$ cat protein.txt   # compact mmCIF, C-alpha atoms
# COMPACT_ATOMS: atom_id res chain seq x y z
CA MET A 1 -102.91 64.53 71.96
CA ILE A 2 -105.89 66.83 72.29
CA THR A 3 -105.48 70.22 73.94
CA GLU A 4 -108.57 71.77 75.49
CA ILE A 5 -108.97 75.54 75.40
CA SER A 6 -111.60 77.23 77.58
CA VAL A 7 -113.74 80.03 76.18
CA LYS A 8 -116.14 82.11 78.25
CA THR A 9 -118.87 83.83 76.28
CA ASN A 10 -120.81 86.76 77.68
CA SER A 11 -123.91 87.13 75.56
CA LYS A 12 -126.49 85.17 73.57
CA ASN A 13 -124.69 85.72 70.25
CA ALA A 14 -121.08 86.80 69.94
CA LEU A 15 -117.82 86.26 68.09
CA VAL A 16 -115.01 85.83 70.61
CA ASP A 17 -111.46 86.34 69.36
CA ILE A 18 -109.45 83.27 70.42
CA THR A 19 -106.38 83.89 68.25
CA GLU A 20 -104.00 84.53 71.16
CA LYS A 21 -105.22 81.47 73.08
CA ILE A 22 -104.60 79.28 70.05
CA ARG A 23 -101.22 80.90 69.35
CA GLU A 24 -100.20 80.23 72.95
CA ALA A 25 -101.39 76.59 72.80
CA VAL A 26 -99.39 76.06 69.60
CA ARG A 27 -96.31 77.58 71.25
CA LYS A 28 -96.70 75.27 74.27
CA SER A 29 -96.96 72.23 71.99
CA GLY A 30 -93.45 72.89 70.75
CA ILE A 31 -94.49 71.82 67.26
CA LYS A 32 -92.80 73.80 64.50
CA ASN A 33 -94.57 72.72 61.29
CA GLY A 34 -97.93 71.16 60.66
CA ILE A 35 -101.67 71.66 60.66
CA CYS A 36 -103.52 72.98 63.70
CA HIS A 37 -107.02 71.49 63.72
CA LEU A 38 -109.58 73.33 65.86
CA TYR A 39 -112.88 71.77 66.85
CA ALA A 40 -115.87 73.05 68.83
CA PRO A 41 -117.64 70.09 70.51
CA HIS A 42 -120.90 72.06 70.66
CA THR A 43 -124.07 72.08 68.55
CA THR A 44 -124.97 75.74 69.06
CA ALA A 45 -121.52 77.23 68.45
CA ALA A 46 -118.97 77.30 65.65
CA ILE A 47 -115.47 78.41 64.68
CA THR A 48 -114.65 80.86 61.92
CA ILE A 49 -111.73 82.93 60.69
CA ASN A 50 -112.12 86.57 59.75
CA GLU A 51 -110.93 90.10 60.46
CA ASN A 52 -110.14 90.74 64.12
CA TYR A 53 -108.63 94.19 63.68
CA ASP A 54 -111.94 96.10 63.55
CA PRO A 55 -114.29 94.53 66.13
CA SER A 56 -117.29 95.76 64.14
CA VAL A 57 -116.68 92.96 61.59
CA GLY A 58 -117.59 90.36 64.21
CA VAL A 59 -120.64 92.42 65.18
CA ASP A 60 -121.76 92.50 61.53
CA ILE A 61 -121.31 88.74 61.12
CA VAL A 62 -123.44 88.09 64.22
CA GLY A 63 -126.01 90.66 63.14
CA GLU A 64 -126.41 89.24 59.65
CA MET A 65 -126.64 85.66 60.93
CA ASN A 66 -129.43 86.80 63.29
CA LYS A 67 -131.23 88.47 60.40
CA LEU A 68 -130.95 85.45 58.11
CA ILE A 69 -131.90 82.92 60.78
CA PRO A 70 -134.24 84.69 63.21
CA MET A 71 -134.26 83.45 66.81
CA ASN A 72 -138.08 83.56 66.86
CA GLY A 73 -138.71 81.75 63.57
CA HIS A 74 -141.05 78.79 63.30
CA TYR A 75 -138.96 75.78 64.23
CA GLN A 76 -139.81 72.23 65.31
CA HIS A 77 -137.05 71.94 67.91
CA GLN A 78 -138.72 73.04 71.15
CA GLU A 79 -135.82 74.26 73.26
CA GLY A 80 -135.82 77.82 71.96
CA ASN A 81 -132.38 77.51 70.38
CA ALA A 82 -133.16 76.05 66.94
CA ALA A 83 -131.69 79.13 65.26
CA ALA A 84 -128.42 78.54 67.12
CA HIS A 85 -128.24 74.96 65.81
CA ILE A 86 -128.82 76.14 62.24
CA LYS A 87 -126.15 78.86 62.47
CA SER A 88 -123.71 76.32 63.90
CA ALA A 89 -124.38 73.87 61.03
CA ILE A 90 -123.85 76.62 58.45
CA ILE A 91 -120.64 78.19 59.83
CA GLY A 92 -119.21 74.83 60.86
CA SER A 93 -117.71 73.44 64.04
CA SER A 94 -114.11 73.24 62.85
CA ARG A 95 -111.33 75.13 61.11
CA SER A 96 -107.71 74.29 60.26
CA VAL A 97 -104.73 76.64 60.26
CA PHE A 98 -101.18 75.98 59.08
CA ILE A 99 -98.23 76.18 61.46
CA GLU A 100 -94.82 77.27 60.18
CA ASN A 101 -91.77 77.81 62.40
CA GLY A 102 -93.99 77.45 65.45
CA ASN A 103 -96.35 80.22 64.38
CA LEU A 104 -99.91 80.22 63.09
CA VAL A 105 -100.01 81.14 59.40
CA LEU A 106 -102.79 83.74 59.25
CA GLY A 107 -103.40 86.49 56.73
CA THR A 108 -102.60 90.05 57.79
CA TRP A 109 -106.12 90.76 58.97
CA GLN A 110 -107.17 87.27 60.01
CA GLY A 111 -108.03 86.14 63.50
CA ILE A 112 -109.71 82.98 64.81
CA PHE A 113 -113.16 83.39 66.34
CA PHE A 114 -115.29 81.20 68.54
CA CYS A 115 -118.89 81.81 67.43
CA GLU A 116 -121.38 81.69 70.30
CA PHE A 117 -125.01 81.39 69.22
CA ASP A 118 -126.64 80.26 72.50
CA GLY A 119 -124.71 81.91 75.33
CA PRO A 120 -123.62 83.10 77.68
CA ARG A 121 -121.82 79.87 78.53
CA ARG A 122 -118.54 78.25 79.40
CA ARG A 123 -117.38 76.55 76.20
CA LYS A 124 -114.34 74.74 74.92
CA VAL A 125 -112.31 74.41 71.76
CA LEU A 126 -110.34 71.23 71.12
CA MET A 127 -107.00 71.44 69.33
CA LYS A 128 -105.03 68.66 67.67
CA ILE A 129 -101.87 69.28 65.68
CA VAL A 130 -100.74 67.03 62.85
CA THR A 131 -96.99 67.42 62.42
CA GLU A 132 -95.33 67.60 59.06
CA ASP A 133 -92.56 65.24 58.12
CA MET B 1 -106.23 54.56 52.07
CA ILE B 2 -109.69 55.86 51.33
CA THR B 3 -112.73 54.16 52.82
CA GLU B 4 -116.02 54.55 50.99
CA ILE B 5 -119.22 54.70 53.00
CA SER B 6 -122.59 54.31 51.24
CA VAL B 7 -125.50 56.57 52.12
CA LYS B 8 -129.01 56.12 50.82
CA THR B 9 -131.20 59.21 50.96
CA ASN B 10 -134.99 59.03 50.78
CA SER B 11 -136.17 62.52 49.96
CA LYS B 12 -135.30 65.67 48.04
CA ASN B 13 -133.82 67.38 51.09
CA ALA B 14 -132.76 65.60 54.26
CA LEU B 15 -130.11 65.33 56.93
CA VAL B 16 -129.11 61.69 57.35
CA ASP B 17 -127.34 60.72 60.57
CA ILE B 18 -124.18 58.82 59.57
CA THR B 19 -122.46 58.87 62.99
CA GLU B 20 -122.67 55.11 63.55
CA LYS B 21 -121.41 54.32 60.05
CA ILE B 22 -118.39 56.55 60.58
CA ARG B 23 -117.77 55.18 64.09
CA GLU B 24 -117.83 51.64 62.67
CA ALA B 25 -115.46 52.56 59.82
CA VAL B 26 -113.02 54.13 62.30
CA ARG B 27 -113.19 50.98 64.44
CA LYS B 28 -112.46 48.80 61.42
CA SER B 29 -109.45 50.93 60.50
CA GLY B 30 -107.84 49.97 63.80
CA ILE B 31 -106.41 53.48 64.11
CA LYS B 32 -106.29 54.72 67.68
CA ASN B 33 -105.34 58.41 67.38
CA GLY B 34 -105.60 60.87 64.55
CA ILE B 35 -107.90 62.95 62.41
CA CYS B 36 -110.83 61.43 60.55
CA HIS B 37 -111.40 63.43 57.36
CA LEU B 38 -114.83 63.03 55.77
CA TYR B 39 -115.55 64.12 52.22
CA ALA B 40 -118.69 64.10 50.07
CA PRO B 41 -117.73 63.81 46.37
CA HIS B 42 -121.00 65.42 45.31
CA THR B 43 -121.97 68.94 44.25
CA THR B 44 -125.54 68.90 45.59
CA ALA B 45 -124.81 67.42 49.01
CA ALA B 46 -122.72 68.31 52.04
CA ILE B 47 -121.53 67.11 55.45
CA THR B 48 -122.25 68.86 58.73
CA ILE B 49 -122.06 68.17 62.45
CA ASN B 50 -124.92 69.02 64.79
CA GLU B 51 -127.38 67.64 67.32
CA ASN B 52 -128.61 64.13 66.50
CA TYR B 53 -130.51 63.52 69.74
CA ASP B 54 -133.67 65.42 68.75
CA PRO B 55 -134.40 64.64 65.06
CA SER B 56 -136.29 67.93 64.75
CA VAL B 57 -132.95 69.79 64.71
CA GLY B 58 -132.11 68.24 61.34
CA VAL B 59 -135.60 69.05 60.10
CA ASP B 60 -135.13 72.69 61.13
CA ILE B 61 -131.74 72.93 59.40
CA VAL B 62 -133.24 71.59 56.16
CA GLY B 63 -136.30 73.82 56.49
CA GLU B 64 -134.28 76.98 57.03
CA MET B 65 -131.90 76.19 54.15
CA ASN B 66 -134.94 75.76 51.90
CA LYS B 67 -136.33 79.09 53.07
CA LEU B 68 -133.04 80.94 52.55
CA ILE B 69 -132.30 79.37 49.16
CA PRO B 70 -135.66 78.60 47.53
CA MET B 71 -135.78 75.69 45.09
CA ASN B 72 -137.81 77.76 42.63
CA GLY B 73 -135.66 80.90 42.70
CA HIS B 74 -134.36 82.56 39.54
CA TYR B 75 -131.17 80.74 38.70
CA GLN B 76 -129.06 80.44 35.53
CA HIS B 77 -128.24 76.74 35.95
CA GLN B 78 -130.95 74.98 33.98
CA GLU B 79 -131.11 71.55 35.62
CA GLY B 80 -133.60 72.50 38.33
CA ASN B 81 -131.12 71.89 41.15
CA ALA B 82 -129.28 75.21 41.38
CA ALA B 83 -130.50 75.68 44.96
CA ALA B 84 -128.94 72.32 45.89
CA HIS B 85 -125.57 73.45 44.50
CA ILE B 86 -125.73 76.67 46.50
CA LYS B 87 -126.63 74.89 49.75
CA SER B 88 -123.78 72.44 49.16
CA ALA B 89 -121.28 75.27 48.63
CA ILE B 90 -122.44 77.01 51.82
CA ILE B 91 -122.50 74.01 54.21
CA GLY B 92 -119.37 72.49 52.68
CA SER B 93 -118.46 69.07 51.35
CA SER B 94 -116.12 68.06 54.16
CA ARG B 95 -115.71 67.87 57.92
CA SER B 96 -112.94 66.58 60.18
CA VAL B 97 -113.33 64.84 63.52
CA PHE B 98 -110.64 63.85 66.03
CA ILE B 99 -110.03 60.20 66.95
CA GLU B 100 -108.80 59.31 70.43
CA ASN B 101 -108.36 55.74 71.71
CA GLY B 102 -110.14 54.47 68.62
CA ASN B 103 -113.25 56.59 69.21
CA LEU B 104 -114.64 59.66 67.48
CA VAL B 105 -114.30 62.74 69.68
CA LEU B 106 -117.75 64.33 69.47
CA GLY B 107 -119.50 66.65 71.89
CA THR B 108 -122.32 65.18 74.02
CA TRP B 109 -125.02 66.16 71.57
CA GLN B 110 -123.05 66.00 68.33
CA GLY B 111 -123.63 63.64 65.45
CA ILE B 112 -122.36 63.63 61.87
CA PHE B 113 -124.89 64.27 59.12
CA PHE B 114 -124.89 63.71 55.41
CA CYS B 115 -126.86 66.62 53.92
CA GLU B 116 -128.90 65.65 50.88
CA PHE B 117 -130.18 68.58 48.81
CA ASP B 118 -131.07 66.81 45.55
CA GLY B 119 -132.32 63.33 46.46
CA PRO B 120 -133.44 60.73 46.76
CA ARG B 121 -130.18 59.15 45.64
CA ARG B 122 -127.48 56.67 46.43
CA ARG B 123 -124.53 58.71 47.69
CA LYS B 124 -121.14 58.14 49.22
CA VAL B 125 -118.89 59.64 51.84
CA LEU B 126 -115.12 59.18 51.55
CA MET B 127 -113.07 58.79 54.72
CA LYS B 128 -109.32 59.15 55.14
CA ILE B 129 -107.61 59.00 58.50
CA VAL B 130 -104.36 60.78 59.24
CA THR B 131 -102.65 59.03 62.14
CA GLU B 132 -100.94 60.88 64.93
CA ASP B 133 -97.33 60.18 65.80
CA MET C 1 -93.76 73.24 53.35
CA ILE C 2 -96.33 75.76 52.20
CA THR C 3 -96.95 76.28 48.49
CA GLU C 4 -98.37 79.62 47.43
CA ILE C 5 -100.75 79.74 44.48
CA SER C 6 -101.60 83.09 42.87
CA VAL C 7 -105.16 83.92 41.86
CA LYS C 8 -106.19 86.99 39.91
CA THR C 9 -109.82 87.96 40.24
CA ASN C 10 -111.52 90.23 37.73
CA SER C 11 -114.70 91.46 39.39
CA LYS C 12 -116.21 92.45 42.72
CA ASN C 13 -117.79 89.01 43.28
CA ALA C 14 -116.76 85.87 41.43
CA LEU C 15 -116.02 82.20 41.76
CA VAL C 16 -112.71 81.42 40.08
CA ASP C 17 -112.02 77.80 39.14
CA ILE C 18 -108.58 76.91 40.57
CA THR C 19 -108.80 73.13 40.12
CA GLU C 20 -106.06 72.93 37.50
CA LYS C 21 -103.71 75.14 39.50
CA ILE C 22 -104.14 72.93 42.56
CA ARG C 23 -103.78 69.74 40.50
CA GLU C 24 -100.53 71.09 39.04
CA ALA C 25 -99.21 72.08 42.50
CA VAL C 26 -99.99 68.60 43.84
CA ARG C 27 -98.19 67.05 40.86
CA LYS C 28 -95.14 69.24 41.48
CA SER C 29 -95.06 68.20 45.14
CA GLY C 30 -94.45 64.61 44.09
CA ILE C 31 -96.68 63.42 46.94
CA LYS C 32 -98.73 60.36 46.06
CA ASN C 33 -101.11 59.93 49.00
CA GLY C 34 -102.36 62.32 51.64
CA ILE C 35 -104.54 65.31 52.36
CA CYS C 36 -104.23 68.55 50.42
CA HIS C 37 -105.16 71.43 52.72
CA LEU C 38 -106.08 74.70 50.98
CA TYR C 39 -106.24 77.99 52.81
CA ALA C 40 -107.15 81.53 51.75
CA PRO C 41 -105.29 84.06 53.94
CA HIS C 42 -107.93 86.70 53.25
CA THR C 43 -110.94 87.99 55.18
CA THR C 44 -113.12 88.89 52.19
CA ALA C 45 -112.60 85.69 50.18
CA ALA C 46 -113.18 81.98 50.66
CA ILE C 47 -112.67 78.55 49.13
CA THR C 48 -115.45 76.17 48.16
CA ILE C 49 -115.94 73.02 46.13
CA ASN C 50 -118.79 72.64 43.64
CA GLU C 51 -119.69 71.99 40.04
CA ASN C 52 -117.23 73.48 37.54
CA TYR C 53 -118.69 71.88 34.41
CA ASP C 54 -121.51 74.39 33.92
CA PRO C 55 -120.13 77.89 34.72
CA SER C 56 -123.65 79.07 35.56
CA VAL C 57 -123.45 77.18 38.87
CA GLY C 58 -120.74 79.56 40.10
CA VAL C 59 -122.78 82.50 38.86
CA ASP C 60 -125.79 81.25 40.85
CA ILE C 61 -123.74 80.78 44.02
CA VAL C 62 -122.42 84.34 43.76
CA GLY C 63 -125.87 85.69 42.92
CA GLU C 64 -127.57 84.01 45.85
CA MET C 65 -124.85 85.08 48.30
CA ASN C 66 -125.35 88.66 47.11
CA LYS C 67 -129.09 88.35 47.62
CA LEU C 68 -128.75 86.88 51.12
CA ILE C 69 -126.06 89.34 52.25
CA PRO C 70 -126.64 92.57 50.36
CA MET C 71 -123.62 94.77 49.71
CA ASN C 72 -125.56 97.87 50.76
CA GLY C 73 -127.03 96.50 54.00
CA HIS C 74 -126.73 98.32 57.32
CA TYR C 75 -123.39 97.30 58.72
CA GLN C 76 -121.13 98.75 61.42
CA HIS C 77 -117.86 98.08 59.58
CA GLN C 78 -117.18 101.30 57.68
CA GLU C 79 -115.02 100.15 54.78
CA GLY C 80 -117.87 99.27 52.43
CA ASN C 81 -116.98 95.58 52.37
CA ALA C 82 -118.82 94.23 55.43
CA ALA C 83 -120.92 91.93 53.22
CA ALA C 84 -117.70 90.42 51.83
CA HIS C 85 -116.47 89.63 55.36
CA ILE C 86 -119.77 87.95 56.23
CA LYS C 87 -119.78 85.83 53.06
CA SER C 88 -116.18 84.80 53.75
CA ALA C 89 -117.04 83.75 57.32
CA ILE C 90 -120.01 81.68 56.09
CA ILE C 91 -118.34 79.86 53.16
CA GLY C 92 -115.06 79.44 55.03
CA SER C 93 -111.45 80.16 54.24
CA SER C 94 -110.30 76.55 53.85
CA ARG C 95 -111.10 73.22 52.26
CA SER C 96 -109.35 69.86 52.24
CA VAL C 97 -109.16 67.36 49.38
CA PHE C 98 -107.76 63.83 49.39
CA ILE C 99 -104.79 62.84 47.21
CA GLU C 100 -104.53 59.30 45.85
CA ASN C 101 -101.82 58.14 43.42
CA GLY C 102 -100.75 61.74 42.96
CA ASN C 103 -104.21 62.92 41.89
CA LEU C 104 -106.85 65.02 43.60
CA VAL C 105 -109.84 62.89 44.61
CA LEU C 106 -112.79 64.94 43.38
CA GLY C 107 -116.31 63.84 42.47
CA THR C 108 -117.20 63.68 38.77
CA TRP C 109 -118.61 67.20 38.71
CA GLN C 110 -116.48 68.78 41.43
CA GLY C 111 -114.00 71.58 41.01
CA ILE C 112 -112.24 73.83 43.52
CA PHE C 113 -113.20 77.49 43.52
CA PHE C 114 -111.61 80.59 44.93
CA CYS C 115 -114.50 82.81 46.07
CA GLU C 116 -113.82 86.50 45.58
CA PHE C 117 -116.19 88.82 47.44
CA ASP C 118 -114.23 92.09 47.34
CA GLY C 119 -112.35 92.17 44.07
CA PRO C 120 -110.90 92.62 41.64
CA ARG C 121 -107.63 91.80 43.38
CA ARG C 122 -104.50 89.73 43.30
CA ARG C 123 -105.06 86.96 45.86
CA LYS C 124 -103.34 83.82 47.02
CA VAL C 125 -104.20 80.34 48.15
CA LEU C 126 -101.84 78.48 50.47
CA MET C 127 -101.45 74.73 50.11
CA LYS C 128 -99.98 72.27 52.57
CA ILE C 129 -100.02 68.53 52.05
CA VAL C 130 -100.04 66.04 54.88
CA THR C 131 -98.65 62.73 53.62
CA GLU C 132 -100.12 59.41 54.52
CA ASP C 133 -98.03 56.67 56.07

$ encode --input "protein.txt" --output "C-alpha cells"
Amino acid sequence: MITEISVKTNSKNALVDITEKIREAVRKSGIKNGICHLYAPHTTAAITINENYDPSVGVDIVGEMNKLIPMNGHYQHQEGNAAAHIKSAIIGSSRSVFIENGNLVLGTWQGIFFCEFDGPRRRKVLMKIVTED
Amino acid sequence: MITEISVKTNSKNALVDITEKIREAVRKSGIKNGICHLYAPHTTAAITINENYDPSVGVDIVGEMNKLIPMNGHYQHQEGNAAAHIKSAIIGSSRSVFIENGNLVLGTWQGIFFCEFDGPRRRKVLMKIVTED
Amino acid sequence: MITEISVKTNSKNALVDITEKIREAVRKSGIKNGICHLYAPHTTAAITINENYDPSVGVDIVGEMNKLIPMNGHYQHQEGNAAAHIKSAIIGSSRSVFIENGNLVLGTWQGIFFCEFDGPRRRKVLMKIVTED
C-alpha cells in the first residue's frame, strides 16, 4: 500500500518540515515495527532529514544549495529550472526512517523535510512501510 | 535474490538512463508489490533519479558536478580519479523505488540514472526487491 | 529490532570506516539474506559508501566538502556548525546494503563510512535488517 501525503510549498526554494504529517501517517497505518520509506515523485524536489528545532538550519541549507548551484548558471535545459533538477539529484528523492512501537525513530534534533527547489507548488510525498517480522 | 544489471558507459562522465532495464528486471521478477532497492557496487559511480524526458537535464547534472568538484583539483588520492570518488559519495550509490501492480512507481518525468564519473567502463547495478505482505 | 553501533570520532571533520563493525553486527543478527538499513540519528553527521582501501579517498571527500561548504561562511544558524548541518543534508543520514549468505554485499573497493562533520564526539549508527522471504 502506498500512502500519499500532500505538501504545499510557498516559495521558489524552501525546506518544509513534514515530520508531523509522516508521524500521523505512520500512526494511521497501525504498523508497529518496520521501515518507513518516503519518496518524492518529482524531479525538482527532494527529501532530507536534518534539524527542525531551529528553522534557520533549513534556511542555511537552501541558501548554500543556491550558492553552489546558481539558478542563473549556464545550463542546457531550457525551462529555467535546471538548477532545481541538479539540487534534486544531489539531495535525493527518497529517505527511509525506522519505526519502533509505532513511532518514527528520529534523533533528538532530527526532522523530515520536503525540499522544494522549483515552487511554489502543490507536491506530494509517497510513503510505503515494510513491516518487520 | 540479487539481480545483476549490466550498464555500459561511453564517456568519462555521463548519466545513463537505466529505467527500462530496471522496469524489465522488475517484470521478470514477477513481484507485484514492494520496494525495489538498487545498488551500484562501485566507488566512482552512483545512482540517481531525475528527469529523463529532456536529455539535457542529465548533461546539466554532469556539467555542474564537474564544475563543483573539478577533475584536476588538488587531491591526495593519486589515481587521478579522486573527483569521481567524491561525486559518488555525494550522489550516493543506492536508490529505492516503490513497485505497485508490477510497475515501478515513478513521477511523470522521473527516470533512473546510472551516474558514471570514471568511465568509459562496463558497470553493474544490483537489484533486490523486498516484497510487501 | 534496532541494533545500536557506537562510533567515536576524533576530529572536527572525518570519515570513519565502520565496515567491520557493521559486518560484525550483521553476523551477530544471524540473518542470511535481506537488506541492512543504516541510519545516523544525528543532524551534523552522515553515512556514505566509498573506497576504504586508500585512506586518502576519505581525506579528499572531507577536504572537498569543506571547500564547497566553508565552516566560516555566512549562515543564519548561530551555533557555529551550520556547515555541518548542510553537509549532513547533502550526503544523507542513511544508506542501505544488501545481505547475501550472511555477508554484506559490497563492491571490491567499497567500505561504509560514518561521516563526522562536527566532532570529535561519541556518535551512534542504528541498524535494522529487513529479511528476505

$ interface_residues --input "protein.txt" --of "chain A" --to "chain C" --cutoff "7 Å" --atoms "all atoms listed in the file" --output "JSON, numbers by chain"
{"A": [48, 49, 50, 51, 56, 57, 60, 61, 90, 91, 106, 107, 109, 110, 132]}

$ atom_distance --input "protein.txt" --atom1 "CA of Cys115 (chain A)" --atom2 "CA of Thr9 (chain A)"
9.1 Å

$ atom_distance --input "protein.txt" --atom1 "CA of Thr19 (chain A)" --atom2 "CA of Gly34 (chain A)"
17.1 Å

$ residues_around --input "protein.txt" --residues "Arg122 (chain C)" --least-positions-apart "3" --cutoff "12 Å" --atoms "only C-alpha atoms" --output "list in words"
Ile5, Ser6, Val7, Lys8, Thr9, Asn10, Ser11, His42, Ala45, Phe114, Glu116, Asp118, Gly119 and Val125 of chain C

$ axis_aligned_box --input "protein.txt" --around "region 47-54 of chain B" --padding-each-side "4 Å" --output "lines of an AutoDock Vina configuration file"
center_x = -127.6
center_y = 66.3
center_z = 62.6
size_x = 20.1
size_y = 13.5
size_z = 22.3

$ atom_distance --input "protein.txt" --atom1 "CA of Glu64 (chain A)" --atom2 "CA of Ile112 (chain A)"
18.6 Å

$ closest_residue --input "protein.txt" --among "A:Asn13, A:Phe117, A:Asn52, A:Glu100" --to "Val26 (chain A)" --atoms "only C-alpha atoms"
A:Glu100

$ closest_residue --input "protein.txt" --among "B:Gly63, B:Gly80, B:Pro120, B:Gly111" --to "Lys21 (chain B)" --atoms "all atoms listed in the file"
B:Gly111
